[in-house]
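The structure file target-v8.pdb is reproduced below (PDB, C-alpha atoms and all ligand atoms).
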ATOM      1  CA  MET A 503      32.626  81.654  74.972
ATOM      2  CA  PRO A 504      33.875  80.547  71.547
ATOM      3  CA  ILE A 505      35.004  76.962  71.035
ATOM      4  CA  CYS A 506      37.588  75.160  68.929
ATOM      5  CA  ILE A 507      35.576  73.904  65.952
ATOM      6  CA  GLU A 508      37.752  70.787  65.641
ATOM      7  CA  CYS A 509      37.584  69.429  69.197
ATOM      8  CA  ARG A 510      35.002  71.676  70.922
ATOM      9  CA  THR A 511      37.386  72.864  73.652
ATOM     10  CA  PRO A 512      36.344  76.341  74.859
ATOM     11  CA  VAL A 513      38.899  79.024  73.981
ATOM     12  CA  LYS A 514      39.239  82.651  75.046
ATOM     13  CA  THR A 515      39.735  84.196  71.627
ATOM     14  CA  LEU A 516      39.761  82.855  68.080
ATOM     15  CA  TRP A 517      42.414  85.223  66.802
ATOM     16  CA  THR A 518      44.951  87.770  68.011
ATOM     17  CA  GLN A 519      45.371  91.132  66.374
ATOM     18  CA  TYR A 520      48.855  92.590  66.127
ATOM     19  CA  LYS A 521      49.996  96.194  65.981
ATOM     20  CA  GLY A 522      49.506  97.913  62.674
ATOM     21  CA  ALA A 523      46.352  95.991  61.790
ATOM     22  CA  GLY A 524      44.125  97.963  59.461
ATOM     23  CA  ASP A 525      47.117  99.661  57.844
ATOM     24  CA  PRO A 526      47.112  98.385  54.241
ATOM     25  CA  SER A 527      50.903  98.596  53.881
ATOM     26  CA  SER A 528      51.508  96.234  56.779
ATOM     27  CA  GLY A 529      49.255  93.518  55.354
ATOM     28  CA  HIS A 530      47.241  91.167  57.399
ATOM     29  CA  ASN A 531      48.070  91.300  61.093
ATOM     30  CA  ILE A 532      45.679  88.754  62.440
ATOM     31  CA  ARG A 533      46.886  85.428  63.716
ATOM     32  CA  LEU A 534      44.505  82.547  64.230
ATOM     33  CA  THR A 535      44.675  80.927  67.659
ATOM     34  CA  VAL A 536      46.062  77.400  67.717
ATOM     35  CA  CYS A 537      44.123  75.028  69.950
ATOM     36  CA  LYS A 538      46.026  73.818  72.995
ATOM     37  CA  ASN A 539      44.069  70.593  73.003
ATOM     38  CA  CYS A 540      44.269  69.391  69.391
ATOM     39  CA  GLY A 541      46.989  71.597  67.903
ATOM     40  CA  ARG A 542      44.896  72.757  64.949
ATOM     41  CA  PHE A 543      43.534  76.255  64.243
ATOM     42  CA  CYS A 544      40.598  76.875  66.589
ATOM     43  CA  ASP A 545      38.417  78.368  63.841
ATOM     44  CA  LYS A 546      39.813  78.479  60.323
ATOM     45  CA  TYR A 547      36.472  79.803  58.993
ATOM     46  CA  VAL A 548      37.187  83.202  60.560
ATOM     47  CA  GLU A 549      39.259  83.893  57.447
ATOM     48  CA  HIS A 550      36.988  82.214  54.886
ATOM     49  CA  ASP A 551      34.374  84.011  52.864
ATOM     50  CA  PHE A 552      30.688  83.294  52.490
ATOM     51  CA  VAL A 553      30.997  81.086  49.388
ATOM     52  CA  VAL A 554      33.334  78.642  51.143
ATOM     53  CA  LEU A 555      31.021  78.609  54.169
ATOM     54  CA  PHE A 556      27.995  77.902  52.000
ATOM     55  CA  ILE A 557      29.670  75.060  50.101
ATOM     56  CA  ASP A 558      30.847  73.467  53.363
ATOM     57  CA  LEU A 559      27.344  73.872  54.793
ATOM     58  CA  VAL A 560      25.888  72.014  51.836
ATOM     59  CA  LEU A 561      28.533  69.318  52.309
ATOM     60  CA  ILE A 562      27.409  69.055  55.965
ATOM     61  CA  LYS A 563      30.819  69.630  57.535
ATOM     62  CA  PRO A 564      30.368  69.680  61.331
ATOM     63  CA  GLN A 565      33.124  72.291  61.731
ATOM     64  CA  VAL A 566      31.240  74.904  59.740
ATOM     65  CA  TYR A 567      28.155  74.336  61.890
ATOM     66  CA  ARG A 568      30.211  74.740  65.055
ATOM     67  CA  HIS A 569      31.706  77.933  63.620
ATOM     68  CA  LEU A 570      28.281  79.414  62.871
ATOM     69  CA  LEU A 571      26.319  78.116  65.855
ATOM     70  CA  HIS A 572      28.922  78.586  68.554
ATOM     71  CA  ASN A 573      31.345  81.248  67.352
ATOM     72  CA  THR A 574      29.574  83.775  65.143
ATOM     73  CA  LEU A 575      25.776  83.750  65.268
ATOM     74  CA  MET A 576      25.269  83.279  68.985
ATOM     75  CA  HIS A 577      24.677  86.325  71.136
ATOM     76  CA  GLU A 578      24.919  86.512  74.885
ATOM     77  CA  ARG A 579      21.236  87.003  75.532
ATOM     78  CA  ASP A 580      19.912  84.544  72.938
ATOM     79  CA  GLN A 581      18.986  87.258  70.443
ATOM     80  CA  PHE A 582      18.541  86.539  66.766
ATOM     81  CA  ASP A 583      21.380  87.765  64.590
ATOM     82  CA  PRO A 584      20.009  90.253  61.985
ATOM     83  CA  SER A 585      21.475  88.129  59.188
ATOM     84  CA  ILE A 586      19.451  85.162  60.446
ATOM     85  CA  VAL A 587      16.229  87.165  60.251
ATOM     86  CA  ARG A 588      17.084  88.008  56.635
ATOM     87  CA  LEU A 589      17.952  84.385  55.873
ATOM     88  CA  GLY A 590      14.637  83.263  57.411
ATOM     89  CA  THR A 591      12.696  85.695  55.196
ATOM     90  CA  LEU A 592      14.565  84.573  52.092
ATOM     91  CA  LEU A 593      13.923  80.906  52.922
ATOM     92  CA  LEU A 594      10.205  81.577  53.409
ATOM     93  CA  LEU A 595       9.928  83.280  50.008
ATOM     94  CA  PHE A 596      11.796  80.398  48.392
ATOM     95  CA  ASP A 597       9.517  77.925  50.074
ATOM     96  CA  VAL A 598       6.513  79.766  48.632
ATOM     97  CA  TYR A 599       7.967  79.454  45.133
ATOM     98  CA  LEU A 600       8.860  75.768  45.437
ATOM     99  CA  THR A 601       5.548  74.799  47.075
ATOM    100  CA  TRP A 602       3.521  76.727  44.514
ATOM    101  CA  ALA A 603       5.385  75.201  41.572
ATOM    102  CA  ARG A 604       5.080  71.707  43.053
ATOM    103  CA  ILE A 605       1.354  71.862  43.787
ATOM    104  CA  GLU A 606       0.560  73.463  40.440
ATOM    105  CA  LYS A 607       2.372  70.721  38.544
ATOM    106  CA  GLN A 608       0.579  67.863  40.295
ATOM    107  CA  SER A 609      -1.961  66.089  38.151
ATOM    108  CA  VAL A 610      -5.604  67.142  38.327
ATOM    109  CA  PRO A 611      -7.340  64.753  40.762
ATOM    110  CA  ASP A 612     -10.372  64.000  38.590
ATOM    111  CA  PRO A 613      -9.766  64.539  34.864
ATOM    112  CA  GLY A 614     -13.479  64.046  34.046
ATOM    113  CA  SER A 615     -14.590  67.000  36.136
ATOM    114  CA  SER A 616     -14.815  70.598  35.023
ATOM    115  CA  GLN A 617     -11.643  71.489  36.925
ATOM    116  CA  THR A 618      -8.813  72.666  34.742
ATOM    117  CA  SER A 619      -6.267  73.113  37.527
ATOM    118  CA  ASN A 620      -5.206  71.323  40.641
ATOM    119  CA  LEU A 621      -5.854  74.479  42.598
ATOM    120  CA  GLY A 622      -9.614  74.435  42.012
ATOM    121  CA  SER A 623     -11.304  77.757  42.610
ATOM    122  CA  LEU A 624      -8.042  79.251  43.890
ATOM    123  CA  ALA A 625      -6.732  79.237  40.314
ATOM    124  CA  GLU A 626      -9.480  81.698  39.336
ATOM    125  CA  GLN A 627      -8.437  84.211  42.007
ATOM    126  CA  PRO A 628      -6.087  87.123  41.198
ATOM    127  CA  ILE A 629      -2.434  86.164  41.298
ATOM    128  CA  VAL A 630      -1.855  88.276  44.440
ATOM    129  CA  CYS A 631      -4.474  86.231  46.317
ATOM    130  CA  GLN A 632      -2.837  83.005  45.160
ATOM    131  CA  TYR A 633       0.522  84.306  46.345
ATOM    132  CA  MET A 634      -0.924  85.306  49.721
ATOM    133  CA  PHE A 635      -2.423  81.835  50.086
ATOM    134  CA  PHE A 636       0.932  80.120  49.537
ATOM    135  CA  LEU A 637       2.647  82.655  51.790
ATOM    136  CA  ILE A 638       0.199  81.849  54.613
ATOM    137  CA  LEU A 639       0.540  78.106  53.973
ATOM    138  CA  CYS A 640       4.349  78.229  54.121
ATOM    139  CA  PHE A 641       4.478  80.674  57.023
ATOM    140  CA  PHE A 642       2.290  78.593  59.312
ATOM    141  CA  SER A 643       3.927  75.305  58.271
ATOM    142  CA  THR A 644       7.375  76.725  59.034
ATOM    143  CA  LEU A 645       6.143  78.212  62.316
ATOM    144  CA  ALA A 646       4.792  74.805  63.360
ATOM    145  CA  PHE A 647       8.142  73.200  62.472
ATOM    146  CA  HIS A 648      10.119  75.652  64.609
ATOM    147  CA  LEU A 649       7.692  75.795  67.544
ATOM    148  CA  SER A 650       7.409  72.014  67.863
ATOM    149  CA  ILE A 651      11.206  71.533  67.883
ATOM    150  CA  ARG A 652      11.668  74.484  70.261
ATOM    151  CA  PHE A 653       9.082  72.961  72.588
ATOM    152  CA  LEU A 654      10.758  69.556  72.522
ATOM    153  CA  THR A 655      14.254  70.933  73.120
ATOM    154  CA  SER A 656      13.647  73.904  75.413
ATOM    155  CA  SER A 657      10.493  73.344  77.453
ATOM    156  CA  SER A 658      10.670  71.739  80.878
ATOM    157  CA  PHE A 659       7.475  69.842  79.906
ATOM    158  CA  SER A 660       9.176  68.242  76.919
ATOM    159  CA  PRO A 661       8.594  64.472  76.754
ATOM    160  CA  LEU A 662      12.251  64.063  75.734
ATOM    161  CA  THR A 663      13.370  65.382  79.129
ATOM    162  CA  PHE A 664      10.941  63.061  80.924
ATOM    163  CA  LEU A 665      12.239  60.083  78.990
ATOM    164  CA  GLY A 666      15.794  61.085  79.851
ATOM    165  CA  LEU A 667      16.740  61.409  76.172
ATOM    166  CA  LEU A 668      17.697  65.037  76.673
ATOM    167  CA  ARG A 669      19.818  65.758  79.728
ATOM    168  CA  GLN A 670      18.378  69.204  80.337
ATOM    169  CA  PRO A 671      16.165  71.637  78.420
ATOM    170  CA  CYS A 672      18.109  73.913  76.085
ATOM    171  CA  ALA A 673      18.297  77.357  77.698
ATOM    172  CA  ARG A 674      18.458  79.132  74.350
ATOM    173  CA  PRO A 675      15.428  78.399  72.150
ATOM    174  CA  ASN A 676      16.443  81.060  69.614
ATOM    175  CA  SER A 677      19.699  79.247  69.018
ATOM    176  CA  VAL A 678      17.644  76.167  68.094
ATOM    177  CA  SER A 679      15.763  78.209  65.500
ATOM    178  CA  THR A 680      19.064  79.645  64.271
ATOM    179  CA  ALA A 681      20.423  76.120  63.824
ATOM    180  CA  LEU A 682      17.320  75.096  61.888
ATOM    181  CA  LEU A 683      17.439  78.170  59.639
ATOM    182  CA  VAL A 684      21.153  77.906  58.886
ATOM    183  CA  SER A 685      20.843  74.227  58.109
ATOM    184  CA  SER A 686      17.830  74.855  55.865
ATOM    185  CA  SER A 687      19.880  77.127  53.631
ATOM    186  CA  THR A 688      20.349  74.172  51.267
ATOM    187  CA  LYS A 689      16.875  75.188  50.099
ATOM    188  CA  LEU A 690      18.512  78.136  48.373
ATOM    189  CA  PHE A 691      20.250  75.747  46.007
ATOM    190  CA  PRO A 692      17.789  76.398  43.164
ATOM    191  CA  ILE A 693      19.601  79.741  42.741
ATOM    192  CA  LEU A 694      22.469  77.686  41.340
ATOM    193  CA  MET A 695      20.114  75.384  39.504
ATOM    194  CA  VAL A 696      18.393  78.036  37.405
ATOM    195  CA  ILE A 697      21.274  77.650  34.979
ATOM    196  CA  TRP A 698      20.259  74.048  34.311
ATOM    197  CA  ASP A 699      16.849  73.139  33.080
ATOM    198  CA  TYR A 700      15.443  71.008  35.826
ATOM    199  CA  ASP A 701      12.195  69.565  36.966
ATOM    200  CA  VAL A 702      10.920  71.772  39.802
ATOM    201  CA  PRO A 703       8.796  69.247  41.746
ATOM    202  CA  ALA A 704      11.522  66.591  41.641
ATOM    203  CA  ALA A 705      14.175  69.088  42.687
ATOM    204  CA  ALA A 706      11.954  70.313  45.511
ATOM    205  CA  ARG A 707      11.590  66.753  46.778
ATOM    206  CA  SER A 708      15.269  65.885  46.641
ATOM    207  CA  LEU A 709      16.145  69.215  48.242
ATOM    208  CA  GLY A 710      13.693  68.311  50.962
ATOM    209  CA  TRP A 711      15.801  65.259  51.814
ATOM    210  CA  ALA A 712      19.041  67.244  51.762
ATOM    211  CA  VAL A 713      17.487  69.802  54.107
ATOM    212  CA  VAL A 714      16.399  67.045  56.522
ATOM    213  CA  ALA A 715      19.970  65.671  56.641
ATOM    214  CA  ASN A 716      21.298  69.178  57.322
ATOM    215  CA  ASN A 717      18.696  69.829  60.036
ATOM    216  CA  VAL A 718      19.603  66.592  61.819
ATOM    217  CA  GLU A 719      23.304  67.426  61.707
ATOM    218  CA  ALA A 720      22.768  70.975  63.007
ATOM    219  CA  LEU A 721      20.539  69.823  65.892
ATOM    220  CA  GLU A 722      23.042  67.145  66.838
ATOM    221  CA  ILE A 723      25.904  69.664  66.875
ATOM    222  CA  LEU A 724      24.020  72.346  68.784
ATOM    223  CA  LEU A 725      22.459  70.109  71.422
ATOM    224  CA  ASP A 726      25.111  67.389  71.490
ATOM    225  CA  CYS A 727      22.220  64.966  71.886
ATOM    226  CA  GLY A 728      23.228  62.089  69.582
ATOM    227  CA  TYR A 729      21.812  61.329  66.122
ATOM    228  CA  GLY A 730      18.859  59.283  67.438
ATOM    229  CA  VAL A 731      17.377  62.220  69.341
ATOM    230  CA  ALA A 732      18.204  64.629  66.491
ATOM    231  CA  ILE A 733      16.298  62.400  64.041
ATOM    232  CA  VAL A 734      13.327  62.188  66.438
ATOM    233  CA  LEU A 735      13.318  65.996  66.704
ATOM    234  CA  ALA A 736      13.476  66.502  62.938
ATOM    235  CA  ALA A 737      10.717  63.935  62.430
ATOM    236  CA  ALA A 738       8.486  65.559  65.054
ATOM    237  CA  GLY A 739       9.027  68.924  63.368
ATOM    238  CA  ALA A 740       8.158  67.434  59.974
ATOM    239  CA  VAL A 741       4.945  65.902  61.346
ATOM    240  CA  ALA A 742       3.909  69.225  62.922
ATOM    241  CA  ARG A 743       4.633  71.022  59.649
ATOM    242  CA  TRP A 744       2.649  68.496  57.655
ATOM    243  CA  LEU A 745      -0.355  68.663  60.016
ATOM    244  CA  VAL A 746      -0.492  72.467  59.896
ATOM    245  CA  GLY A 747      -0.046  72.416  56.107
ATOM    246  CA  ARG A 748      -3.009  70.002  55.821
ATOM    247  CA  ALA A 749      -5.087  72.204  58.139
ATOM    248  CA  VAL A 750      -4.426  75.308  56.022
ATOM    249  CA  LEU A 751      -5.203  73.427  52.779
ATOM    250  CA  TRP A 752      -8.360  72.029  54.344
ATOM    251  CA  ALA A 753      -9.474  75.485  55.540
ATOM    252  CA  ALA A 754      -9.047  76.742  51.969
ATOM    253  CA  GLY A 755     -11.111  73.846  50.576
ATOM    254  CA  LEU A 756      -8.102  72.239  48.886
ATOM    255  CA  GLU A 757      -7.983  69.064  50.956
ATOM    256  CA  TRP A 758      -7.228  66.861  47.933
ATOM    257  CA  VAL A 759      -3.917  68.662  47.294
ATOM    258  CA  ASP A 760      -0.895  66.605  48.262
ATOM    259  CA  SER A 761       1.165  69.150  50.186
ATOM    260  CA  MET A 762       4.261  66.989  50.593
ATOM    261  CA  GLY A 763       4.373  65.716  47.029
ATOM    262  CA  VAL A 764       4.676  62.088  48.143
ATOM    263  CA  GLY A 765       1.543  60.604  46.613
ATOM    264  CA  ASP A 766       2.139  61.340  42.964
ATOM    265  CA  ASN A 767       5.202  59.376  42.027
ATOM    266  CA  GLY A 768       6.544  58.030  45.253
ATOM    267  CA  VAL A 769       9.971  56.958  46.319
ATOM    268  CA  ALA A 770      11.172  55.846  42.876
ATOM    269  CA  ALA A 771      10.787  59.364  41.518
ATOM    270  CA  ASP A 772      12.536  60.729  44.598
ATOM    271  CA  GLY A 773      15.493  58.477  43.971
ATOM    272  CA  GLU A 774      15.605  59.464  40.332
ATOM    273  CA  ALA A 775      15.487  63.152  41.224
ATOM    274  CA  LEU A 776      18.219  62.746  43.791
ATOM    275  CA  TRP A 777      20.381  60.950  41.255
ATOM    276  CA  ALA A 778      19.850  63.717  38.697
ATOM    277  CA  LEU A 779      20.770  66.305  41.307
ATOM    278  CA  LEU A 780      23.947  64.431  42.214
ATOM    279  CA  ARG A 781      24.881  64.137  38.550
ATOM    280  CA  HIS A 782      24.416  67.875  38.098
ATOM    281  CA  LEU A 783      26.498  68.533  41.188
ATOM    282  CA  ARG A 784      29.327  66.350  39.938
ATOM    283  CA  GLU A 785      29.251  68.056  36.564
ATOM    284  CA  TRP A 786      29.331  71.414  38.282
ATOM    285  CA  ALA A 787      32.205  70.417  40.539
ATOM    286  CA  GLY A 788      34.066  69.135  37.481
ATOM    287  CA  ARG A 789      33.589  72.436  35.702
ATOM    288  CA  LEU A 790      34.834  74.295  38.771
ATOM    289  CA  ALA A 791      37.924  72.109  38.890
ATOM    290  CA  VAL A 792      38.691  72.776  35.216
ATOM    291  CA  GLY A 793      37.993  76.506  35.467
TER     292      GLY A 793
HETATM  293 ZN    ZN B   1      40.932  71.843  69.367
END
Translate the structure of the given file into structure tokens.
Amino acid sequence: MPICIECRTPVKTLWTQYKGAGDPSSGHNIRLTVCKNCGRFCDKYVEHDFVVLFIDLVLIKPQVYRHLLHNTLMHERDQFDPSIVRLGTLLLLFDVYLTWARIEKQSVPDPGSSQTSNLGSLAEQPIVCQYMFFLILCFFSTLAFHLSIRFLTSSSFSPLTFLGLLRQPCARPNSVSTALLVSSSTKLFPILMVIWDYDVPAAARSLGWAVVANNVEALEILLDCGYGVAIVLAAAGAVARWLVGRAVLWAAGLEWVDSMGVGDNGVAADGEALWALLRHLREWAGRLAVG
């Protein structure tokens, strides 16, 4: 059942269609339902296009998450929406690009040695092999992230249920993955950033923080579990992802590579990158306002 995205009251329908709909001469014969509880439109996003949705997603508006997670992307039998499968694939490919660029730009661990690249012997392999390596690294890291959060939210053996932090296991694990994928779409931001010259590793790090904030918000909205539990879930997912990433790097003999990009420059660089990103965003918003 759909809900009002403003106050979460369940509603029967989000809009009513009047006679003559579909006939171009009669115009637009759809009327949005007004919520009986709060008096606002139940779901104004029904009429908005993808660009508005994406901007509001990036701005972490709870209403847009409720619209996507409760009103459009959820199916009765907890199936994945085809658009979510496509989004997941796109995010994985983007992750490969960002991870590759970040690891390649890290400094060589021992400048005195014969190594010319941070990637060691991997750098001498054909480019397809290098790509496959990063694809495997990102695939298994992402899988670990999703599986650990799905276990914690949906399994009856979840420690969160035992501790009473989660009232009951979530009956729809695929909706948890959907929430995580939708909220990770901030990762696609570099599409907009190719028009500015920007520092890839720094952007990847600051995007990482934006994605974490989005993930926490989406989990909180979907599970209605409070921000504390949502942060614990996101942190557990991040730890699982990091561990699997380390394991893959170790298996490939690249254990010195810093997969998270935290060691090199630390928090100061993160702050700087975040500030640069914000400045770009403000500039961009300013240009939009003028144009
Ligand atoms: Zn309402």
If we count only C-alpha atoms and set the cut-off at 12 Å, which residues sit around A:Thr680, ignoring sequence neighbours fewer than 3 positions away in its own chain? Please answer as a PyMOL selection string. chain A and resi 567+570-572+574-577+580-590+648+651-652+674-677+683-687+717+720-721+724
Within 10 Å of ligand ZN 1 (chain B), counting only C-alpha atoms and all ligand atoms, residues as a short mmCIF file (atom, residue, chain, number, x, y, z; two decimals) with C-alpha atoms, in the coordinates of the input:
data_model
loop_
_atom_site.label_atom_id
_atom_site.label_comp_id
_atom_site.auth_asym_id
_atom_site.auth_seq_id
_atom_site.Cartn_x
_atom_site.Cartn_y
_atom_site.Cartn_z
CA ILE A 505 35.00 76.96 71.04
CA CYS A 506 37.59 75.16 68.93
CA ILE A 507 35.58 73.90 65.95
CA GLU A 508 37.75 70.79 65.64
CA CYS A 509 37.58 69.43 69.20
CA ARG A 510 35.00 71.68 70.92
CA THR A 511 37.39 72.86 73.65
CA PRO A 512 36.34 76.34 74.86
CA VAL A 513 38.90 79.02 73.98
CA THR A 535 44.68 80.93 67.66
CA VAL A 536 46.06 77.40 67.72
CA CYS A 537 44.12 75.03 69.95
CA LYS A 538 46.03 73.82 73.00
CA ASN A 539 44.07 70.59 73.00
CA CYS A 540 44.27 69.39 69.39
CA GLY A 541 46.99 71.60 67.90
CA ARG A 542 44.90 72.76 64.95
CA PHE A 543 43.53 76.26 64.24
CA CYS A 544 40.60 76.88 66.59
CA ASP A 545 38.42 78.37 63.84
#
Selection: 8 Å around stretch 740-750 of chain A, only C-alpha atoms, excl. self and same-chain fewer than 4 positions, as a ChimeraX atom specification: /A:639-640,642-647,650,736,754,757,761-762
Find, counting all atoms listed in the file, the residue in A:Thr591, A:Gln632, A:Asn716, A:Ser660 that gets nearest to A:Ile605.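 Comparing A:Thr591, A:Gln632, A:Asn716, A:Ser660 against A:Ile605, the winner is A:Gln632.
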Pick from A:Met503, A:Cys672, A:Asn573, A:Thr688: nearest to A:Asp558, with all atoms listed in the file counted?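 Among the listed residues, A:Thr688 lies closest to A:Asp558.
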With all atoms listed in the file as the atoms that count, which of A:Lys521, A:Arg533, A:Arg579, A:Lys563 lies nearest to A:Glu549?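 Comparing A:Lys521, A:Arg533, A:Arg579, A:Lys563 against A:Glu549, the winner is A:Arg533.
Of note, atom CA of A:Phe659 and atom CA of A:Ser679 are spaced 18.6 Å apart.
Applied to this file, the PyMOL selection byres (((chain A and resi 557) around 12) and not hetatm) selects His550, Asp551, Phe552, Val553, Val554, Leu555, Phe556, Asp558, Leu559, Val560, Leu561, Ile562, Lys563, Val566, Tyr567, Ser685, Ser687, Thr688, Leu690, Phe691, Leu694, Leu783 and Ala787 of chain A.
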Determine the residue membership of the PyMOL selection byres (((chain A and resi 671) around 12) and not hetatm) for the file above and supply it as a ChimeraX atom specification. /A:651-664,666-670,672-675,678,725,727
What separation in Å, quoted to one decimal, exists between atom CA of A:Val713 and atom CA of A:Gly728?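 Atom-to-atom, atom CA of A:Val713 and atom CA of A:Gly728 are spaced 18.2 Å apart.
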State, in Å with one decimal place, the distance from atom CA of A:Phe636 to atom CA of A:Val718.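 Answer for the atom CA of A:Phe636 to atom CA of A:Val718 separation: 26.1 Å.
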Given the file shown, enumerate the residues that the PyMOL selection byres (((chain A and resi 733) around 10) and not hetatm) captures and present them as a ChimeraX atom specification. /A:714-715,717-719,721-722,728-732,734-739
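By only C-alpha atoms, and with residues fewer than 2 positions from A:Val598 along its chain excluded, the set lying at most 7 Å from it is A:Leu594, A:Leu595, A:Phe596, A:Leu600, A:Thr601, A:Trp602, A:Phe636, A:Leu637, A:Cys640.
Of the residues listed (A:Arg784, A:Lys607, A:Arg789, A:Arg568), A:Arg568 shows the shortest atom-to-atom separation from A:Ile723; distances use only C-alpha atoms.
Of the residues listed (A:Val759, A:Leu682, A:Val548, A:Ala778), A:Val759 shows the shortest atom-to-atom separation from A:Leu624; distances use all atoms listed in the file.
Across A:Gln519, A:Asn531, A:Leu621, A:Lys546, the tightest approach to A:Trp758 is made by A:Leu621 when counting all atoms listed in the file.
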